[in-house]
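J.: What follows is model_30.cif, made up of mmCIF, C-alpha atoms:
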data_model
#
loop_
_atom_site.label_atom_id
_atom_site.label_comp_id
_atom_site.auth_asym_id
_atom_site.auth_seq_id
_atom_site.Cartn_x
_atom_site.Cartn_y
_atom_site.Cartn_z
CA MET A 1 -13.42 28.70 -17.96
CA LEU A 2 -16.55 29.51 -15.92
CA THR A 3 -17.69 25.88 -16.24
CA ARG A 4 -14.32 24.65 -14.94
CA ILE A 5 -14.45 27.00 -11.96
CA ILE A 6 -18.02 26.07 -11.02
CA THR A 7 -17.23 22.36 -11.33
CA ALA A 8 -14.08 22.77 -9.23
CA VAL A 9 -15.99 24.57 -6.45
CA ILE A 10 -18.67 21.87 -6.37
CA LEU A 11 -16.02 19.13 -6.34
CA ILE A 12 -14.13 20.71 -3.45
CA ALA A 13 -17.35 21.09 -1.44
CA ALA A 14 -18.36 17.49 -2.18
CA VAL A 15 -14.94 16.14 -1.14
CA LEU A 16 -14.98 18.09 2.12
CA VAL A 17 -18.47 16.81 2.98
CA TRP A 18 -17.41 13.27 2.07
CA LEU A 19 -14.36 13.54 4.32
CA PHE A 20 -15.57 15.50 7.31
CA VAL A 21 -19.34 15.03 7.49
CA ALA A 22 -20.02 11.52 6.24
CA PRO A 23 -19.53 8.72 8.80
CA TYR A 24 -17.26 5.82 7.91
CA ASP A 25 -19.95 3.66 6.28
CA PHE A 26 -21.03 6.50 3.98
CA PHE A 27 -17.39 7.32 3.29
CA THR A 28 -16.99 3.71 2.19
CA ILE A 29 -19.94 4.06 -0.19
CA GLY A 30 -18.35 7.21 -1.63
CA ALA A 31 -15.01 5.43 -2.08
CA LEU A 32 -16.80 2.58 -3.86
CA PHE A 33 -18.51 5.10 -6.13
CA ILE A 34 -15.16 6.58 -7.12
CA TYR A 35 -13.78 3.08 -7.67
CA MET A 36 -16.69 1.96 -9.86
CA VAL A 37 -16.77 5.13 -11.96
CA GLY A 38 -13.03 4.68 -12.46
CA ALA A 39 -13.70 1.08 -13.54
CA TYR A 40 -16.41 2.27 -15.92
CA GLU A 41 -13.97 4.67 -17.58
CA MET A 42 -11.11 2.18 -17.57
CA GLY A 43 -12.63 -0.30 -20.04
CA PRO A 44 -11.96 1.67 -23.25
CA LEU A 45 -8.41 2.47 -22.07
CA LEU A 46 -7.75 -1.26 -21.80
CA GLY A 47 -8.84 -1.88 -25.36
CA TYR A 48 -12.24 -3.40 -24.54
CA LYS A 49 -15.00 -2.67 -27.05
CA SER A 50 -17.56 -2.73 -24.23
CA ARG A 51 -17.28 -1.24 -20.76
CA LEU A 52 -19.18 -4.15 -19.18
CA PRO A 53 -16.42 -6.81 -18.92
CA PHE A 54 -14.05 -4.76 -16.79
CA ILE A 55 -16.89 -3.33 -14.69
CA MET A 56 -17.89 -6.90 -13.81
CA VAL A 57 -14.31 -7.86 -13.00
CA ALA A 58 -13.80 -4.76 -10.84
CA CYS A 59 -17.10 -5.34 -9.04
CA ALA A 60 -16.17 -8.97 -8.33
CA ALA A 61 -12.73 -7.94 -7.05
CA ALA A 62 -14.16 -5.33 -4.64
CA THR A 63 -16.84 -7.77 -3.46
CA LEU A 64 -14.24 -10.43 -2.65
CA ALA A 65 -12.02 -7.90 -0.88
CA PHE A 66 -14.92 -6.66 1.24
CA PHE A 67 -16.09 -10.21 1.99
CA PHE A 68 -12.73 -11.38 3.31
CA MET A 69 -11.73 -8.00 4.79
CA PRO A 70 -14.87 -6.10 5.88
CA PRO A 71 -13.98 -2.38 6.11
CA ALA A 72 -15.96 -2.00 9.35
CA LEU A 73 -13.37 -4.21 11.05
CA TYR A 74 -10.64 -1.69 10.19
CA ILE A 75 -12.12 0.49 12.91
CA SER A 76 -12.82 -2.12 15.57
CA GLU A 77 -9.99 -4.62 15.03
CA GLY A 78 -7.29 -2.78 13.08
CA ILE A 79 -5.91 -3.25 9.59
CA PRO A 80 -5.37 -6.93 8.65
CA LYS A 81 -2.06 -7.96 7.10
CA ALA A 82 -3.88 -9.16 3.99
CA CYS A 83 -5.15 -5.63 3.43
CA GLN A 84 -1.66 -4.19 3.86
CA TYR A 85 -0.32 -6.62 1.27
CA LEU A 86 -3.19 -5.85 -1.10
CA ILE A 87 -2.38 -2.14 -0.90
CA ALA A 88 1.32 -2.92 -1.40
CA SER A 89 0.48 -4.91 -4.54
CA GLY A 90 -0.28 -1.59 -6.24
CA LEU A 91 3.43 -0.85 -6.30
CA ILE A 92 3.83 -3.63 -8.88
CA VAL A 93 2.08 -1.57 -11.53
CA TRP A 94 3.51 1.83 -10.56
CA PHE A 95 7.14 0.78 -10.42
CA GLY A 96 6.68 -1.80 -13.16
CA SER A 97 5.23 0.79 -15.52
CA ILE A 98 8.40 2.90 -15.52
CA PRO A 99 10.10 0.76 -18.23
CA LEU A 100 6.88 0.88 -20.28
CA LEU A 101 6.86 4.68 -20.07
CA LEU A 102 10.52 4.92 -21.04
CA LYS A 103 10.02 2.65 -24.07
CA PHE A 104 6.79 4.29 -25.24
CA PRO A 105 5.82 4.35 -28.10
CA LYS A 106 8.43 1.92 -29.48
CA SER A 107 7.26 -1.06 -27.42
CA VAL A 108 3.49 -1.19 -26.94
CA SER A 109 2.63 -4.78 -27.88
CA TRP A 110 1.75 -5.48 -24.23
CA HIS A 111 -1.37 -3.31 -24.61
CA LYS A 112 -2.91 -5.91 -26.93
CA ASN A 113 -3.04 -8.43 -24.07
CA HIS A 114 -6.44 -7.96 -22.43
CA LEU A 115 -5.60 -10.22 -19.48
CA LEU A 116 -2.45 -8.24 -18.69
CA ASN A 117 -4.32 -4.96 -19.05
CA THR A 118 -7.06 -6.17 -16.72
CA ILE A 119 -4.55 -7.17 -14.05
CA LEU A 120 -2.76 -3.83 -14.36
CA ALA A 121 -6.04 -1.94 -14.06
CA LEU A 122 -7.09 -3.89 -10.96
CA LEU A 123 -3.70 -3.15 -9.39
CA MET A 124 -4.33 0.52 -10.12
CA LEU A 125 -7.84 0.68 -8.66
CA LEU A 126 -8.21 -1.86 -5.86
CA PRO A 127 -5.16 -0.82 -3.75
CA PHE A 128 -6.35 2.78 -4.10
CA LEU A 129 -9.82 1.86 -2.82
CA GLU A 130 -8.42 -0.06 0.15
CA GLY A 131 -5.91 2.70 0.80
CA LEU A 132 -8.67 5.29 1.14
CA LEU A 133 -10.50 3.10 3.67
CA VAL A 134 -7.35 2.42 5.68
CA LEU A 135 -6.43 6.10 5.92
CA ARG A 136 -9.98 7.11 6.87
CA ALA A 137 -10.10 4.44 9.60
CA SER A 138 -7.06 5.90 11.37
CA SER A 139 -7.85 6.34 15.10
CA TYR A 140 -11.55 6.48 14.24
CA GLY A 141 -12.60 5.32 17.70
CA SER A 142 -10.92 8.22 19.48
CA ASP A 143 -11.14 10.93 16.81
CA GLN A 144 -13.50 10.45 13.88
CA HIS A 145 -11.80 13.22 11.91
CA GLU A 146 -8.18 12.12 12.24
CA GLY A 147 -8.58 9.88 9.21
CA SER A 148 -10.35 12.67 7.36
CA ARG A 149 -7.38 14.96 7.85
CA LEU A 150 -5.01 12.16 6.88
CA VAL A 151 -6.80 11.45 3.59
CA LEU A 152 -6.90 15.18 2.87
CA CYS A 153 -3.16 15.52 3.60
CA VAL A 154 -2.15 12.76 1.20
CA MET A 155 -4.45 14.11 -1.49
CA ALA A 156 -3.17 17.64 -0.86
CA LEU A 157 0.42 16.49 -1.43
CA VAL A 158 -0.61 15.64 -4.99
CA TRP A 159 -2.46 18.93 -5.41
CA CYS A 160 0.58 20.86 -4.15
CA ALA A 161 2.83 18.92 -6.51
CA ASP A 162 0.51 19.62 -9.47
CA SER A 163 0.36 23.33 -8.69
CA GLY A 164 4.10 23.65 -8.14
CA ALA A 165 4.83 21.69 -11.31
CA TYR A 166 2.48 23.86 -13.36
CA PHE A 167 4.08 27.16 -12.35
CA ALA A 168 7.66 25.88 -12.34
CA GLY A 169 7.16 24.28 -15.73
CA ARG A 170 5.50 27.36 -17.17
CA PHE A 171 8.20 29.81 -16.08
CA PHE A 172 11.33 27.64 -16.03
CA GLY A 173 10.52 24.52 -18.03
CA LYS A 174 13.10 23.71 -20.72
CA HIS A 175 13.91 20.01 -20.44
CA LYS A 176 11.10 17.66 -21.45
CA MET A 177 10.48 14.70 -19.16
CA LEU A 178 8.75 12.17 -21.44
CA PRO A 179 7.55 14.12 -24.50
CA ASN A 180 6.13 11.04 -26.21
CA VAL A 181 3.80 10.43 -23.25
CA SER A 182 3.11 13.96 -21.98
CA PRO A 183 4.66 16.77 -24.07
CA LYS A 184 4.02 19.51 -21.50
CA LYS A 185 5.78 17.90 -18.52
CA THR A 186 9.32 19.09 -17.81
CA MET A 187 12.07 18.16 -15.37
CA GLU A 188 11.93 21.70 -13.96
CA GLY A 189 8.20 21.20 -13.35
CA LEU A 190 8.88 17.92 -11.58
CA PHE A 191 11.43 19.56 -9.29
CA GLY A 192 9.15 22.54 -8.61
CA GLY A 193 6.26 20.26 -7.79
CA LEU A 194 8.39 18.16 -5.46
CA VAL A 195 9.65 21.22 -3.56
CA THR A 196 6.14 22.67 -3.24
CA ALA A 197 4.68 19.38 -2.02
CA VAL A 198 7.48 18.79 0.50
CA ILE A 199 6.89 22.26 1.95
CA GLY A 200 3.19 21.45 2.19
CA MET A 201 3.97 18.13 3.86
CA LEU A 202 6.15 19.81 6.50
CA VAL A 203 3.34 22.29 7.20
CA PHE A 204 0.81 19.45 7.59
CA LEU A 205 3.20 17.65 9.94
CA LYS A 206 3.63 20.79 12.03
CA LEU A 207 -0.15 21.15 12.27
CA GLY A 208 -0.48 17.51 13.33
CA TYR A 209 -2.70 16.61 10.39
CA PHE A 210 -0.95 13.28 9.82
CA GLY A 211 -2.30 12.03 13.13
CA GLN A 212 -0.75 8.82 14.45
CA TYR A 213 1.25 8.48 11.23
CA GLY A 214 3.04 11.69 12.18
CA ASP A 215 4.59 10.01 15.23
CA ASN A 216 7.29 8.68 12.90
CA TYR A 217 8.67 11.68 11.04
CA VAL A 218 11.19 9.63 9.04
CA ALA A 219 8.53 7.24 7.78
CA VAL A 220 6.05 9.97 6.87
CA ILE A 221 8.59 12.21 5.13
CA GLY A 222 10.17 9.31 3.24
CA ALA A 223 6.79 7.88 2.23
CA GLY A 224 5.50 11.34 1.35
CA ILE A 225 8.39 12.11 -0.99
CA LEU A 226 8.02 8.76 -2.74
CA ALA A 227 4.27 9.27 -3.03
CA ILE A 228 4.80 12.69 -4.60
CA VAL A 229 7.23 11.31 -7.18
CA MET A 230 5.04 8.29 -7.96
CA SER A 231 1.97 10.52 -8.33
CA VAL A 232 3.67 11.83 -11.48
CA ILE A 233 4.00 8.23 -12.67
CA GLY A 234 0.28 7.77 -12.06
CA ASP A 235 -0.50 10.76 -14.26
CA LEU A 236 1.89 9.55 -16.97
CA VAL A 237 0.48 6.01 -16.95
CA GLU A 238 -3.04 7.28 -17.58
CA SER A 239 -1.70 9.53 -20.35
CA MET A 240 0.02 6.51 -21.90
CA PHE A 241 -3.19 4.45 -21.81
CA LYS A 242 -5.14 7.31 -23.36
CA ARG A 243 -2.61 7.68 -26.17
CA LEU A 244 -2.64 3.94 -26.81
CA SER A 245 -6.44 4.05 -27.01
CA ASN A 246 -6.61 7.40 -28.87
CA ILE A 247 -8.80 8.89 -26.13
CA LYS A 248 -8.49 12.52 -25.01
CA ASP A 249 -10.46 12.41 -21.74
CA SER A 250 -11.29 9.30 -19.73
CA GLY A 251 -14.89 10.50 -19.33
CA ARG A 252 -17.25 13.46 -19.09
CA ILE A 253 -18.60 13.17 -15.57
CA PHE A 254 -17.05 16.50 -14.54
CA PRO A 255 -17.86 19.33 -16.99
CA GLY A 256 -14.67 21.07 -18.00
CA HIS A 257 -12.51 18.58 -16.09
CA GLY A 258 -12.96 15.31 -17.97
CA GLY A 259 -13.58 12.01 -16.24
CA MET A 260 -13.00 10.46 -12.83
CA LEU A 261 -9.68 8.91 -13.87
CA ASP A 262 -8.51 12.32 -15.09
CA ARG A 263 -9.08 13.63 -11.55
CA ILE A 264 -7.64 10.71 -9.57
CA ASP A 265 -4.86 9.32 -11.80
CA SER A 266 -2.13 10.74 -9.55
CA GLN A 267 -3.98 9.68 -6.39
CA LEU A 268 -4.19 6.10 -7.67
CA ALA A 269 -0.42 5.89 -7.23
CA ALA A 270 0.16 8.29 -4.35
CA ILE A 271 -2.15 6.71 -1.78
CA PRO A 272 -0.93 3.07 -2.03
CA VAL A 273 2.70 4.19 -2.24
CA PHE A 274 2.36 6.45 0.81
CA ILE A 275 0.70 3.80 2.97
CA THR A 276 3.03 1.00 1.91
CA PHE A 277 6.21 2.94 2.57
CA VAL A 278 4.91 4.22 5.92
CA TYR A 279 4.43 0.57 6.86
CA LEU A 280 7.81 -0.42 5.45
CA LEU A 281 9.81 2.40 7.02
CA SER A 282 8.10 1.94 10.38
CA GLY A 283 8.52 -1.84 10.31
CA ALA A 284 4.78 -2.51 10.42
CA LEU A 285 4.44 -4.40 7.13
CA PHE A 286 6.32 -7.55 8.08
#
Represent the structure contained in this file as structure tokens.
T.:
Amino acid sequence: MLTRIITAVILIAAVLVWLFVAPYDFFTIGALFIYMVGAYEMGPLLGYKSRLPFIMVACAAATLAFFFMPPALYISEGIPKACQYLIASGLIVWFGSIPLLLKFPKSVSWHKNHLLNTILALLMLLPFLEGLLVLRASSYGSDQHEGSRLVLCVMALVWCADSGAYFAGRFFGKHKMLPNVSPKKTMEGLFGGLVTAVIGMLVFLKLGYFGQYGDNYVAVIGAGILAIVMSVIGDLVESMFKRLSNIKDSGRIFPGHGGMLDRIDSQLAAIPVFITFVYLLSGALF
């Protein structure tokens, strides 16, 4: 327990420094670090015997994305349409995984296809990476911390949902959500997490932490609710991959907390879903 607490305190401090102290270029390096550690841990979940193949694929994908869409231009010239579409491509895996979760473990033959697994993993990681950079670049020229608050808000929605789900599930949980994938998750926990996160979102909106995104309440609230719900899917998808690969924790980088993917699985879904639906509901995607 002490190890978990110490690790959590260090992680919180590191995230706050990364968000509010590091300039955009160093933030980008930090986002790339998260992305590459996630790629390192992803290999075994995909069924690869070596971690190297997917690391190389993930590195090549990020390199191509940065070559054609340099993150520095997000500040000076705005977010290119290609980047918006790349982030939106993440929804393919998060919405497309719902049937896989519902059929698990009766239909798992798809996991034997390394090409399919690789595409799914890239659609999990790359839109998340670009989503972080897009959020952080928000109004950077006029307020370097607006994007910091925005990233923190979206992440905090997931944290609120996790906390609310934990307590609601512990005290009221009776109806299992998907016991074959995650035995401890309940429908009562899902509802409790959603209510807690929505309350948190309304507080963040009142404080103005959503920045320019908060100018459109309908878009932010709609996107926020969808992001909260899909963050649960992100958690379940990682659990499904771990069960398919007979792996308990994705890694050991965080003592007492498992691996990077164990910490960001919900964020992998929440961030692309939030950004995409803000764009959709505000009419900025097309």
J.: Please measure the separation of atom CA of A:Leu19 and atom CA of A:Ala270, giving the value in Å to one decimal.
T.: 17.7 Å
J.: Give one line per residue of stretch 216-273 of chain A that approaches stretch 73-88 of chain A to at most 9 Å, naming the two atoms of the closest pair and their distance in Å to one decimal, counting all atoms listed in the file; sort by chain then ascending residue number and deliver it as a Markdown table.
T.:
| residue | atom | partner | partner_atom | distance |
| --- | --- | --- | --- | --- |
| A:Ile271 | CA | A:Ile87 | CA | 8.9 |
| A:Pro272 | CA | A:Ile87 | CA | 5.5 |
| A:Val273 | CA | A:Ala88 | CA | 7.3 |
J.: Output C-alpha atoms for every residue in the selection just made, as a compact mmCIF listing (two decimals), in the frame of the given file.
T.:
# COMPACT_ATOMS: atom_id res chain seq x y z
CA ILE A 271 -2.15 6.71 -1.78
CA PRO A 272 -0.93 3.07 -2.03
CA VAL A 273 2.70 4.19 -2.24
J.: What gap, in Å, lies between atom CA of A:Phe204 and atom CA of A:Leu285?
T.: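 These two atoms are separated by 24.1 Å.
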J.: Give me, please, the distance in Å between atom CA of A:Trp159 and atom CA of A:Ala284, quoted to one decimal.
T.: 27.6 Å
J.: Which residues are near A:Arg243? Cut-off 9 Å, only C-alpha atoms, ignore same chain within fewer than 5 positions. Put them as an mmCIF file with C-alpha atoms, in the frame of the given file.
T.:
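What follows is the written file around_39.cif:
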data_model
loop_
_atom_site.group_PDB
_atom_site.id
_atom_site.type_symbol
_atom_site.label_atom_id
_atom_site.label_comp_id
_atom_site.auth_asym_id
_atom_site.auth_seq_id
_atom_site.Cartn_x
_atom_site.Cartn_y
_atom_site.Cartn_z
ATOM 1 C CA LEU A 45 -8.410 2.470 -22.070
ATOM 2 C CA VAL A 181 3.800 10.430 -23.250
ATOM 3 C CA GLU A 238 -3.040 7.280 -17.580
ATOM 4 C CA LYS A 248 -8.490 12.520 -25.010
#
J.: Where does the PyMOL selection byres ((chain A and resi 134) around 9) land in this file, that is, which residues does it pick, as a list of chain:residue names?
T.: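 Expected selection for the PyMOL selection byres ((chain A and resi 134) around 9) here is A:Pro71, A:Tyr74, A:Ile75, A:Ile79, A:Cys83, A:Gln84, A:Leu129, A:Glu130, A:Gly131, A:Leu132, A:Leu133, A:Leu135, A:Arg136, A:Ala137, A:Ser138, A:Gly147, A:Ile275.
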J.: Would you write out those residues with C-alpha atoms, as a short mmCIF file (atom, residue, chain, number, x, y, z; two decimals), in the frame of the given file?
T.:
data_model
loop_
_atom_site.label_atom_id
_atom_site.label_comp_id
_atom_site.auth_asym_id
_atom_site.auth_seq_id
_atom_site.Cartn_x
_atom_site.Cartn_y
_atom_site.Cartn_z
CA PRO A 71 -13.98 -2.38 6.11
CA TYR A 74 -10.64 -1.69 10.19
CA ILE A 75 -12.12 0.49 12.91
CA ILE A 79 -5.91 -3.25 9.59
CA CYS A 83 -5.15 -5.63 3.43
CA GLN A 84 -1.66 -4.19 3.86
CA LEU A 129 -9.82 1.86 -2.82
CA GLU A 130 -8.42 -0.06 0.15
CA GLY A 131 -5.91 2.70 0.80
CA LEU A 132 -8.67 5.29 1.14
CA LEU A 133 -10.50 3.10 3.67
CA LEU A 135 -6.43 6.10 5.92
CA ARG A 136 -9.98 7.11 6.87
CA ALA A 137 -10.10 4.44 9.60
CA SER A 138 -7.06 5.90 11.37
CA GLY A 147 -8.58 9.88 9.21
CA ILE A 275 0.70 3.80 2.97
#
J.: Within 10 Å of stretch 169-179 of chain A, counting all atoms listed in the file, which residues show up once you throw out same-chain ones fewer than 2 positions away? Write them as an MDAnalysis selection string, please.
T.: chainID A and resid 101:104 163:167 181:193 236
J.: Give me, as a ChimeraX atom specification, all polymer residues having an atom no more than 9 Å from A:Val158, counting only C-alpha atoms and skipping those fewer than 6 positions away in the same chain.
T.: /A:193,197,227-228,231-232,266-267,270
J.: Using all atoms listed in the file, pick whichever of A:Ala62, A:Leu152, A:Ile233, A:Ile247 has the shortest atom-to-atom distance to A:Trp18.
T.: A:Leu152
J.: Do you know which residues the PyMOL selection byres ((chain A and resi 211) around 9) returns on this file, as a PyMOL selection string?
T.: chain A and resi 138-139+146-147+149-150+205+208-210+212-215
J.: Those same residues, written as a PDB file, in the coordinates of the input with C-alpha atoms?
T.:
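Wrote again_16.pdb, looks like this:
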ATOM      1  CA  SER A 138      -7.060   5.900  11.370  1.00  0.00           C
ATOM      2  CA  SER A 139      -7.850   6.340  15.100  1.00  0.00           C
ATOM      3  CA  GLU A 146      -8.180  12.120  12.240  1.00  0.00           C
ATOM      4  CA  GLY A 147      -8.580   9.880   9.210  1.00  0.00           C
ATOM      5  CA  ARG A 149      -7.380  14.960   7.850  1.00  0.00           C
ATOM      6  CA  LEU A 150      -5.010  12.160   6.880  1.00  0.00           C
ATOM      7  CA  LEU A 205       3.200  17.650   9.940  1.00  0.00           C
ATOM      8  CA  GLY A 208      -0.480  17.510  13.330  1.00  0.00           C
ATOM      9  CA  TYR A 209      -2.700  16.610  10.390  1.00  0.00           C
ATOM     10  CA  PHE A 210      -0.950  13.280   9.820  1.00  0.00           C
ATOM     11  CA  GLN A 212      -0.750   8.820  14.450  1.00  0.00           C
ATOM     12  CA  TYR A 213       1.250   8.480  11.230  1.00  0.00           C
ATOM     13  CA  GLY A 214       3.040  11.690  12.180  1.00  0.00           C
ATOM     14  CA  ASP A 215       4.590  10.010  15.230  1.00  0.00           C
TER      15      ASP A 215
END
J.: Enumerate, as a list in words, the residues matched when the PyMOL selection byres ((chain A and resi 252) around 12) is run on the file above.
T.: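 This file gives the following for the PyMOL selection byres ((chain A and resi 252) around 12): Thr7, Val37, Gly38, Tyr40, Glu41, Ile247, Lys248, Asp249, Ser250, Gly251, Ile253, Phe254, Pro255, Gly256, His257, Gly258, Gly259, Met260, Leu261, Asp262 and Arg263 of chain A.
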J.: Those residues you just picked out, can you put them in a file as a PDB file, keeping the file's coordinate frame with C-alpha atoms?
T.:
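Okay, this is what ended up in result22.pdb:
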ATOM      1  CA  THR A   7     -17.230  22.360 -11.330  1.00  0.00           C
ATOM      2  CA  VAL A  37     -16.770   5.130 -11.960  1.00  0.00           C
ATOM      3  CA  GLY A  38     -13.030   4.680 -12.460  1.00  0.00           C
ATOM      4  CA  TYR A  40     -16.410   2.270 -15.920  1.00  0.00           C
ATOM      5  CA  GLU A  41     -13.970   4.670 -17.580  1.00  0.00           C
ATOM      6  CA  ILE A 247      -8.800   8.890 -26.130  1.00  0.00           C
ATOM      7  CA  LYS A 248      -8.490  12.520 -25.010  1.00  0.00           C
ATOM      8  CA  ASP A 249     -10.460  12.410 -21.740  1.00  0.00           C
ATOM      9  CA  SER A 250     -11.290   9.300 -19.730  1.00  0.00           C
ATOM     10  CA  GLY A 251     -14.890  10.500 -19.330  1.00  0.00           C
ATOM     11  CA  ILE A 253     -18.600  13.170 -15.570  1.00  0.00           C
ATOM     12  CA  PHE A 254     -17.050  16.500 -14.540  1.00  0.00           C
ATOM     13  CA  PRO A 255     -17.860  19.330 -16.990  1.00  0.00           C
ATOM     14  CA  GLY A 256     -14.670  21.070 -18.000  1.00  0.00           C
ATOM     15  CA  HIS A 257     -12.510  18.580 -16.090  1.00  0.00           C
ATOM     16  CA  GLY A 258     -12.960  15.310 -17.970  1.00  0.00           C
ATOM     17  CA  GLY A 259     -13.580  12.010 -16.240  1.00  0.00           C
ATOM     18  CA  MET A 260     -13.000  10.460 -12.830  1.00  0.00           C
ATOM     19  CA  LEU A 261      -9.680   8.910 -13.870  1.00  0.00           C
ATOM     20  CA  ASP A 262      -8.510  12.320 -15.090  1.00  0.00           C
ATOM     21  CA  ARG A 263      -9.080  13.630 -11.550  1.00  0.00           C
TER      22      ARG A 263
END
J.: Report, as JSON, the axis-aligned box around all atoms of stretch 171-189 of chain A present in the file, extended by 8 Å on each side; give centre and edge lengths in Å to one decimal place.
T.:
{"center_x": 8.5, "center_y": 20.1, "center_z": -19.8, "size_x": 26.8, "size_y": 35.4, "size_z": 28.9}
J.: So that I can see what lies close to A:Val218, please list as an MDAnalysis selection string the residues with an atom at most 10 Å from it, counting all atoms listed in the file and leaving out residues fewer than 3 positions away in the same chain.
T.: chainID A and resid 214:215 221:224 278 281:282
J.: When you look at A:Ser107 with a cut-off of 12 Å (counting all atoms listed in the file), what residues show up, excluding the ones that are within fewer than 6 positions of it in the same chain? I need them as a PyMOL selection string.
T.: chain A and resi 99-101+240+244
J.: May I ask which of the residues A:Asn216, A:Thr118, A:Asn180, A:Ser89 is the closest one to A:Pro105, counting all atoms listed in the file?
T.: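 Among A:Asn216, A:Thr118, A:Asn180, A:Ser89, it is A:Asn180 that comes nearest to A:Pro105.
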J.: Pick from A:Cys59, A:Met230, A:Ala22, A:Val9: nearest to A:Gln144, with all atoms listed in the file counted?
T.: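 Among the listed residues, A:Ala22 lies closest to A:Gln144.
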J.: Which is closer to A:Ala121 than all the others in A:Phe241, A:Phe20, A:Phe33, A:Phe274, using all atoms listed in the file?
T.: A:Phe241
J.: Compare A:Phe27, A:Tyr217, A:Tyr279, A:Phe95 by their minimum atom-to-atom distance to A:Met201, counting all atoms listed in the file, and give me the closest one.
T.: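 Using all atoms listed in the file, A:Met201 sits closest to A:Tyr217.
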